[in-house]
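Novice: My structure is in model-v5.cif, and what it holds is mmCIF, C-alpha atoms and all ligand atoms:
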data_target
loop_
_atom_site.label_atom_id
_atom_site.label_comp_id
_atom_site.auth_asym_id
_atom_site.auth_seq_id
_atom_site.Cartn_x
_atom_site.Cartn_y
_atom_site.Cartn_z
CA MET A 1 20.60 41.18 -11.46
CA ASN A 2 21.10 42.67 -8.02
CA ARG A 3 21.60 40.50 -5.03
CA ARG A 4 18.06 40.68 -3.84
CA SER A 5 16.46 39.80 -7.17
CA LYS A 6 19.06 37.10 -7.67
CA SER A 7 18.11 35.40 -4.45
CA PHE A 8 14.44 35.71 -5.39
CA PHE A 9 15.23 34.11 -8.74
CA PHE A 10 16.96 31.20 -7.10
CA THR A 11 14.09 30.79 -4.66
CA ILE A 12 11.74 30.38 -7.60
CA ILE A 13 13.81 27.76 -9.34
CA PHE A 14 14.45 25.93 -6.12
CA LEU A 15 10.73 25.73 -5.48
CA ALA A 16 10.06 24.67 -9.03
CA GLY A 17 12.45 21.79 -8.60
CA PHE A 18 11.54 20.59 -5.16
CA ALA A 19 8.19 21.76 -3.98
CA THR A 20 6.34 19.41 -6.32
CA PRO A 21 3.65 17.92 -4.12
CA SER A 22 3.37 14.16 -3.95
CA LEU A 23 0.66 13.52 -6.47
CA GLY A 24 1.30 10.07 -7.86
CA TRP A 25 2.83 9.33 -11.22
CA GLY A 26 3.56 12.68 -12.79
CA PHE A 27 1.30 14.28 -15.36
CA TYR A 28 3.18 12.63 -18.21
CA ALA A 29 3.02 9.08 -16.83
CA HIS A 30 -0.66 9.29 -15.83
CA ARG A 31 -1.55 10.32 -19.38
CA LEU A 32 0.57 7.51 -20.74
CA ILE A 33 -1.13 4.93 -18.52
CA ASN A 34 -4.70 5.83 -19.51
CA TYR A 35 -3.73 6.16 -23.16
CA HIS A 36 -1.98 2.82 -23.48
CA ALA A 37 -4.61 0.97 -21.44
CA VAL A 38 -7.16 1.58 -24.22
CA PHE A 39 -5.21 -0.63 -26.63
CA LEU A 40 -5.48 -3.66 -24.33
CA LEU A 41 -9.28 -3.76 -24.46
CA PRO A 42 -11.33 -6.22 -26.49
CA SER A 43 -14.18 -5.17 -28.78
CA PRO A 44 -16.60 -3.50 -28.37
CA LEU A 45 -14.98 -1.74 -25.42
CA PHE A 46 -11.94 -0.91 -27.49
CA GLY A 47 -14.05 0.90 -30.12
CA PHE A 48 -15.80 3.03 -27.50
CA PHE A 49 -12.68 3.90 -25.50
CA LYS A 50 -10.67 4.55 -28.65
CA ILE A 51 -13.15 7.25 -29.72
CA HIS A 52 -12.59 8.92 -26.33
CA ILE A 53 -8.89 8.20 -25.90
CA ARG A 54 -8.00 11.85 -25.86
CA TYR A 55 -10.45 12.58 -23.06
CA LEU A 56 -9.09 9.66 -21.01
CA ALA A 57 -5.53 10.93 -21.40
CA ASP A 58 -6.39 14.60 -20.89
CA HIS A 59 -8.34 13.87 -17.70
CA ALA A 60 -5.87 11.39 -16.23
CA THR A 61 -4.82 13.91 -13.59
CA ASP A 62 -8.21 15.45 -12.73
CA ALA A 63 -8.14 13.51 -9.48
CA ASP A 64 -4.95 15.30 -8.45
CA SER A 65 -6.46 18.70 -9.25
CA ARG A 66 -9.35 17.93 -6.89
CA ARG A 67 -6.96 17.48 -3.97
CA TYR A 68 -6.81 21.21 -3.55
CA ALA A 69 -10.58 21.66 -3.58
CA ILE A 70 -11.91 18.65 -1.67
CA ARG A 71 -10.55 17.66 1.71
CA GLU A 72 -11.46 13.97 1.36
CA GLU A 73 -9.61 13.66 -1.95
CA ALA A 74 -6.00 13.38 -0.80
CA PRO A 75 -6.21 10.06 1.11
CA ARG A 76 -7.69 8.37 -1.96
CA HIS A 77 -4.26 8.55 -3.64
CA TYR A 78 -2.05 6.71 -1.15
CA ILE A 79 -1.82 4.40 1.81
CA ASP A 80 0.88 4.72 4.47
CA LEU A 81 0.92 1.01 5.16
CA ASP A 82 3.69 1.32 7.73
CA ARG A 83 1.36 3.48 9.84
CA TYR A 84 -1.28 0.76 10.11
CA ARG A 85 -0.63 -1.82 12.81
CA LEU A 86 -2.81 -4.82 12.15
CA PRO A 87 -3.80 -6.95 15.14
CA ASP A 88 -2.10 -10.38 15.11
CA SER A 89 -5.40 -12.03 14.31
CA LEU A 90 -5.65 -10.22 10.96
CA GLN A 91 -3.61 -9.87 7.80
CA TRP A 92 -3.93 -7.72 4.68
CA PRO A 93 -6.17 -7.27 2.90
CA ILE A 94 -9.08 -6.43 5.13
CA THR A 95 -12.45 -5.08 4.03
CA TRP A 96 -13.41 -1.43 4.44
CA PRO A 97 -15.94 -2.11 7.26
CA MET A 98 -13.28 -4.13 9.09
CA ALA A 99 -10.74 -1.34 8.56
CA VAL A 100 -13.17 1.22 9.99
CA SER A 101 -13.80 -0.94 13.04
CA VAL A 102 -10.07 -1.61 13.64
CA PHE A 103 -8.56 1.82 12.84
CA GLY A 104 -11.47 4.29 12.87
CA GLU A 105 -12.41 6.68 10.04
CA ASP A 106 -10.14 9.51 11.19
CA SER A 107 -7.06 7.35 11.14
CA LEU A 108 -7.96 5.96 7.72
CA GLN A 109 -8.42 9.45 6.29
CA GLN A 110 -5.06 10.42 7.73
CA HIS A 111 -3.01 7.45 6.53
CA GLY A 112 -4.68 6.83 3.18
CA ILE A 113 -7.25 4.54 1.61
CA VAL A 114 -6.24 3.98 -2.05
CA PRO A 115 -6.96 0.22 -2.38
CA TRP A 116 -10.42 0.49 -0.81
CA TRP A 117 -11.19 3.56 -2.89
CA ILE A 118 -10.30 1.80 -6.15
CA PHE A 119 -12.82 -0.88 -5.31
CA ILE A 120 -15.53 1.76 -4.75
CA MET A 121 -14.63 3.40 -8.06
CA LYS A 122 -14.84 0.04 -9.83
CA PHE A 123 -18.37 -0.35 -8.50
CA ARG A 124 -19.28 3.18 -9.67
CA LEU A 125 -17.90 2.47 -13.13
CA GLN A 126 -19.99 -0.69 -13.29
CA LYS A 127 -23.12 1.35 -12.39
CA ALA A 128 -22.28 3.93 -15.07
CA PHE A 129 -22.04 1.13 -17.66
CA GLU A 130 -25.40 -0.24 -16.48
CA LYS A 131 -27.00 3.18 -16.94
CA ASN A 132 -25.36 3.67 -20.33
CA ASP A 133 -24.18 7.06 -19.03
CA ARG A 134 -21.42 8.10 -21.37
CA ASP A 135 -20.17 11.09 -19.40
CA GLN A 136 -20.02 9.19 -16.13
CA ILE A 137 -18.31 6.20 -17.77
CA LEU A 138 -15.58 8.44 -19.15
CA LYS A 139 -15.14 10.50 -16.01
CA ILE A 140 -14.92 7.49 -13.70
CA ALA A 141 -12.75 5.53 -16.15
CA ALA A 142 -10.25 8.42 -16.29
CA ASP A 143 -10.27 8.73 -12.50
CA ILE A 144 -9.93 5.04 -11.69
CA GLY A 145 -7.00 4.94 -14.13
CA HIS A 146 -5.38 7.61 -12.00
CA TYR A 147 -5.94 5.86 -8.67
CA ILE A 148 -4.74 2.51 -10.03
CA GLY A 149 -1.61 4.22 -11.32
CA ASP A 150 -0.98 5.76 -7.91
CA ALA A 151 -1.43 2.38 -6.22
CA HIS A 152 1.53 1.09 -8.24
CA VAL A 153 3.93 3.78 -7.04
CA PRO A 154 6.07 2.48 -4.15
CA LEU A 155 6.30 5.88 -2.44
CA HIS A 156 2.49 6.01 -2.33
CA ALA A 157 2.52 3.09 0.08
CA THR A 158 4.79 4.47 2.78
CA SER A 159 4.70 7.39 5.20
CA ASN A 160 8.22 8.40 4.09
CA HIS A 161 6.65 9.33 0.77
CA ASN A 162 9.05 12.11 -0.17
CA GLY A 163 12.09 10.84 1.70
CA GLN A 164 11.39 13.50 4.30
CA PHE A 165 12.47 11.23 7.17
CA THR A 166 15.72 10.19 5.47
CA ASP A 167 17.01 13.47 4.07
CA GLN A 168 15.92 12.58 0.52
CA SER A 169 13.35 15.29 -0.13
CA GLY A 170 12.46 15.42 -3.80
CA ILE A 171 12.74 11.68 -4.39
CA HIS A 172 9.00 11.35 -4.92
CA ALA A 173 8.88 13.45 -8.07
CA PHE A 174 12.29 12.09 -9.07
CA TRP A 175 11.01 8.51 -9.22
CA GLU A 176 7.54 9.06 -10.60
CA SER A 177 8.00 12.09 -12.89
CA ARG A 178 11.62 12.65 -13.80
CA LEU A 179 12.49 9.01 -14.56
CA PRO A 180 9.48 8.21 -16.79
CA GLU A 181 9.86 11.54 -18.59
CA LEU A 182 13.49 10.79 -19.35
CA PHE A 183 13.25 7.10 -20.22
CA ALA A 184 9.72 5.92 -21.07
CA GLU A 185 9.56 7.07 -24.65
CA GLN A 186 12.99 5.82 -25.68
CA GLU A 187 13.43 2.71 -23.59
CA TYR A 188 10.18 1.25 -22.26
CA ASP A 189 8.29 -1.55 -23.92
CA LEU A 190 4.65 -0.61 -23.47
CA ILE A 191 3.20 -3.26 -25.79
CA LEU A 192 1.30 -5.48 -23.39
CA SER A 193 -0.94 -8.53 -23.35
CA PRO A 194 -4.72 -8.00 -23.52
CA ALA A 195 -6.72 -6.95 -20.46
CA VAL A 196 -8.06 -9.78 -18.28
CA TYR A 197 -11.22 -10.18 -16.25
CA LEU A 198 -10.46 -9.90 -12.53
CA ARG A 199 -12.41 -12.38 -10.45
CA GLU A 200 -11.46 -10.69 -7.21
CA PRO A 201 -10.60 -7.09 -8.04
CA SER A 202 -10.31 -6.06 -4.41
CA SER A 203 -7.72 -8.61 -3.35
CA TRP A 204 -6.02 -8.21 -6.72
CA ILE A 205 -5.37 -4.47 -6.26
CA TRP A 206 -4.31 -5.13 -2.69
CA GLU A 207 -1.58 -7.43 -3.98
CA ARG A 208 -0.28 -4.60 -6.14
CA VAL A 209 -0.35 -2.21 -3.20
CA LEU A 210 1.54 -4.67 -1.01
CA GLU A 211 4.15 -4.99 -3.78
CA SER A 212 4.41 -1.20 -3.88
CA ALA A 213 4.95 -1.08 -0.12
CA ALA A 214 7.58 -3.82 -0.34
CA SER A 215 9.46 -1.84 -3.04
CA ALA A 216 9.48 1.46 -1.17
CA ASP A 217 12.57 0.55 0.85
CA THR A 218 14.46 -0.25 -2.36
CA VAL A 219 13.46 3.07 -3.95
CA LEU A 220 14.86 4.95 -0.95
CA ARG A 221 17.89 2.76 -0.20
CA VAL A 222 19.18 2.70 -3.79
CA GLU A 223 19.02 6.49 -4.04
CA LYS A 224 20.77 6.87 -0.72
CA GLU A 225 23.57 4.52 -1.79
CA LEU A 226 23.95 6.33 -5.09
CA SER A 227 24.05 9.66 -3.34
CA TYR A 228 27.01 8.43 -1.26
CA ALA A 229 28.72 6.76 -4.21
CA LEU A 230 28.65 9.66 -6.67
CA ASN A 231 30.18 13.07 -6.42
CA GLN A 232 27.51 15.46 -5.11
CA ASP A 233 28.43 17.97 -7.81
CA ILE A 234 26.79 15.88 -10.47
CA LYS A 235 23.61 15.18 -8.54
CA MET A 236 21.69 18.32 -9.43
CA ALA A 237 21.64 20.42 -12.58
CA TYR A 238 19.87 23.46 -13.94
CA GLU A 239 17.84 23.05 -17.06
CA GLN A 240 15.36 24.98 -19.14
CA ARG A 241 11.80 23.82 -19.12
CA ASN A 242 9.09 25.75 -20.94
CA GLY A 243 11.29 28.79 -20.88
CA ILE A 244 11.98 28.57 -17.14
CA VAL A 245 15.24 27.49 -15.58
CA ILE A 246 14.69 24.84 -12.93
CA ARG A 247 16.95 22.89 -10.64
CA ASN A 248 16.46 19.18 -10.99
CA TYR A 249 18.25 15.86 -10.66
CA SER A 250 20.83 15.76 -13.44
CA LYS A 251 20.40 13.40 -16.37
CA ARG A 252 23.56 11.60 -15.40
CA TYR A 253 22.38 11.05 -11.86
CA ALA A 254 18.90 10.04 -13.08
CA SER A 255 20.43 7.55 -15.49
CA ALA A 256 22.58 5.98 -12.79
CA TYR A 257 19.59 5.72 -10.44
CA HIS A 258 17.41 4.29 -13.19
CA ASP A 259 20.01 1.60 -13.95
CA ARG A 260 20.34 0.66 -10.30
CA LEU A 261 16.57 0.23 -10.00
CA GLU A 262 16.87 -2.57 -12.57
CA GLY A 263 13.71 -1.88 -14.55
CA MET A 264 11.47 -1.12 -11.58
CA VAL A 265 9.91 2.04 -13.02
CA GLU A 266 9.16 0.39 -16.36
CA ARG A 267 7.73 -2.67 -14.57
CA ARG A 268 5.42 -0.59 -12.35
CA LEU A 269 4.32 1.46 -15.37
CA ARG A 270 3.55 -1.69 -17.38
CA TYR A 271 1.63 -3.20 -14.47
CA SER A 272 -0.31 0.05 -14.09
CA ILE A 273 -1.40 0.08 -17.73
CA HIS A 274 -2.47 -3.54 -17.69
CA ALA A 275 -4.30 -3.10 -14.39
CA VAL A 276 -6.24 -0.07 -15.63
CA ALA A 277 -7.42 -1.89 -18.75
CA SER A 278 -8.36 -4.94 -16.68
CA PHE A 279 -10.40 -2.86 -14.23
CA TRP A 280 -12.25 -1.13 -17.06
CA LEU A 281 -13.01 -4.52 -18.64
CA THR A 282 -14.06 -6.08 -15.33
CA ALA A 283 -16.48 -3.24 -14.53
CA TRP A 284 -18.11 -3.65 -17.93
CA VAL A 285 -18.36 -7.45 -17.66
CA ASP A 286 -19.82 -7.18 -14.14
CA ALA A 287 -22.37 -4.71 -15.50
CA GLY A 288 -23.54 -7.52 -17.82
CA GLN A 289 -21.61 -6.41 -20.92
CA PRO A 290 -24.21 -3.78 -21.87
CA GLU A 291 -24.27 -1.89 -25.13
CA LEU A 292 -22.03 1.09 -25.09
CA PRO A 293 -23.20 4.68 -25.53
CA GLN A 294 -23.20 6.15 -29.00
CA LYS A 295 -20.60 8.72 -29.81
CA GLY A 296 -22.90 11.64 -28.91
CA PRO A 297 -22.42 15.33 -29.50
ZN ZN B 1 -2.69 11.01 -7.43
#
What would the structure in this file look like if it were written as structure tokens?
Specialist:
Amino acid sequence: MNRRSKSFFFTIIFLAGFATPSLGWGFYAHRLINYHAVFLLPSPLFGFFKIHIRYLADHATDADSRRYAIREEAPRHYIDLDRYRLPDSLQWPITWPMAVSVFGEDSLQQHGIVPWWIFIMKFRLQKAFEKNDRDQILKIAADIGHYIGDAHVPLHATSNHNGQFTDQSGIHAFWESRLPELFAEQEYDLILSPAVYLREPSSWIWERVLESAASADTVLRVEKELSYALNQDIKMAYEQRNGIVIRNYSKRYASAYHDRLEGMVERRLRYSIHAVASFWLTAWVDAGQPELPQKGP
């Protein structure tokens, strides 16, 4: 390999490792969330969702794909809570109309709207159940699973979402993709209690988002401390993935970070799964528990 092609090669692997856009839980975790949520549902919802479990998992990241095609899509996945200054007379959560009057639409689109958007999607899912519209039920159920998952990711609730202000670029995908991919299958307990009906789904998801925002500092601080504590040589490693060599956080570094987070990733993943199932159930109950569509073609 001559010098020029060598540098090109390293550019490619560097990009593969670090240019991952901030899309929420990675592909793997989003699939896992929608898949496991199905098993928390009561009958007859369970029967219907189980038939379509593959669709729900396969389409768990459709919402991310749309970000490149639709301008309004991106802010539905996050909220930079630190960018919103609430007047002293108010506290979170506030309704969408109130948010529009306090911050203005432009500012909301810029700093993210995930908790309000989840509430809108819950309403759309309810309408799809009322109409017995199988395709819409499945599409919206897969999408709302995605947004609820994103709302549980701490770095989706802060403007420093990829550590770009603190010299920690890459931490977004590290936390939400690399860690679950390395540890979920072997170490996480994803057997959960049944879905519950949510009396106040809007304030309920807001609580989760506020938790996410409160955890963001820990996600960043712990990695920073670890980065100082460990020899930099072990931080990154090259590994083969689907036949391509990429530069990524080493397993040793990932393991040390994961330990120092004291179960945070597993906890947020478990909460995500339970929340998704509970939103699906709540939309169906609020629709009047209608009959579910037949399997269809
Ligand atoms: Zn997303």
Novice: Can you tell me which residues sit at most 9 Å away from ligand ZN 1 (chain B), counting all atoms listed in the file, written as a list in words?
Specialist: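 Checking all atoms listed in the file against ligand ZN 1 (chain B) at 9 Å gives Ser22, Leu23, Gly24, Trp25, Gly26, His30, Thr61, Asp62, Ala63, Asp64, Ser65, Arg67, Ala74, Arg76, His77, Tyr78, His146, Tyr147, Gly149, Asp150, Ala151 and His156 of chain A.
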Novice: Just the number, please: distance in Å from atom CA of A:Thr218 to atom CA of A:Asp88, one decimal.
Specialist: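 Separation between atom CA of A:Thr218 and atom CA of A:Asp88: 26.1 Å.
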Novice: Point out the residue among A:Ser212, A:Ser250, A:Ser43, A:Ser193 with the least atom-to-atom distance to A:Ala157, counting only C-alpha atoms.
Specialist: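 Result for the nearest residue to A:Ala157: A:Ser212.
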Novice: Show me, as a list in words, the residues that have an atom within 12 Å of A:Gln232 when counting only C-alpha atoms, minus same-chain residues fewer than 6 positions from it.
Specialist: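 Listing them by chain and then by number gives Lys224, Leu226, Tyr249, Ser250, Arg252 and Tyr253 of chain A.
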Novice: Work out how far atom CA of A:Glu211 is from atom CA of A:Glu72, in Å to one decimal.
Specialist: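 Rounded to one decimal, the two atoms are 25.1 Å apart.
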Novice: Which of these residues is nearest to A:Val38, using all atoms listed in the file: A:Arg221, A:Leu281, A:Asn231, A:Arg199?
Specialist: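 Answer, going by the shortest atom-to-atom distance: A:Leu281.
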Novice: For A:Ile118, work out the shell of residues within 9 Å, counting all atoms listed in the file and skipping chain neighbours fewer than 3 positions away, then give it as a PyMOL selection string.
Specialist: chain A and resi 76+113-115+121-123+144+147-148+151+202+205
Novice: For a quick check of understanding, using only C-alpha atoms, which of A:Phe165, A:Trp92, A:Pro75, A:Ala141 has the smallest distance to A:Tyr55?
Specialist: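 Checking each candidate against A:Tyr55, we get A:Ala141 as the closest.
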Novice: Could you tell me how far atom CA of A:Ile273 sits from atom CA of A:Val196, in Å to one decimal place?
Specialist: 11.9 Å
Novice: Near stretch 179-192 of chain A, within 10 Å and counting all atoms listed in the file, which residues show up once chain neighbours fewer than 2 positions away are dropped, as number ranges by chain?
Specialist: A: 25-29, 32-33, 36-37, 39-40, 173-177, 194-195, 249, 251, 254-255, 257-258, 263, 265-267, 269-271, 273-274
Novice: With distances taken over all atoms listed in the file, which residue among A:Ala287, A:Ala69, A:Ala60, A:Ile244 lies nearest A:Asp143?
Specialist: A:Ala60
Novice: Write out as a list of chain:residue names the residues lying within 12 Å of A:Lys131, counting all atoms listed in the file and excluding same-chain residues fewer than 6 positions away.
Specialist: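 Once the nearby chain positions are removed, what remains is A:Arg124, A:Leu125, A:Ile137, A:Trp284, A:Ala287, A:Gly288, A:Gln289, A:Pro290, A:Glu291, A:Leu292, A:Pro293.
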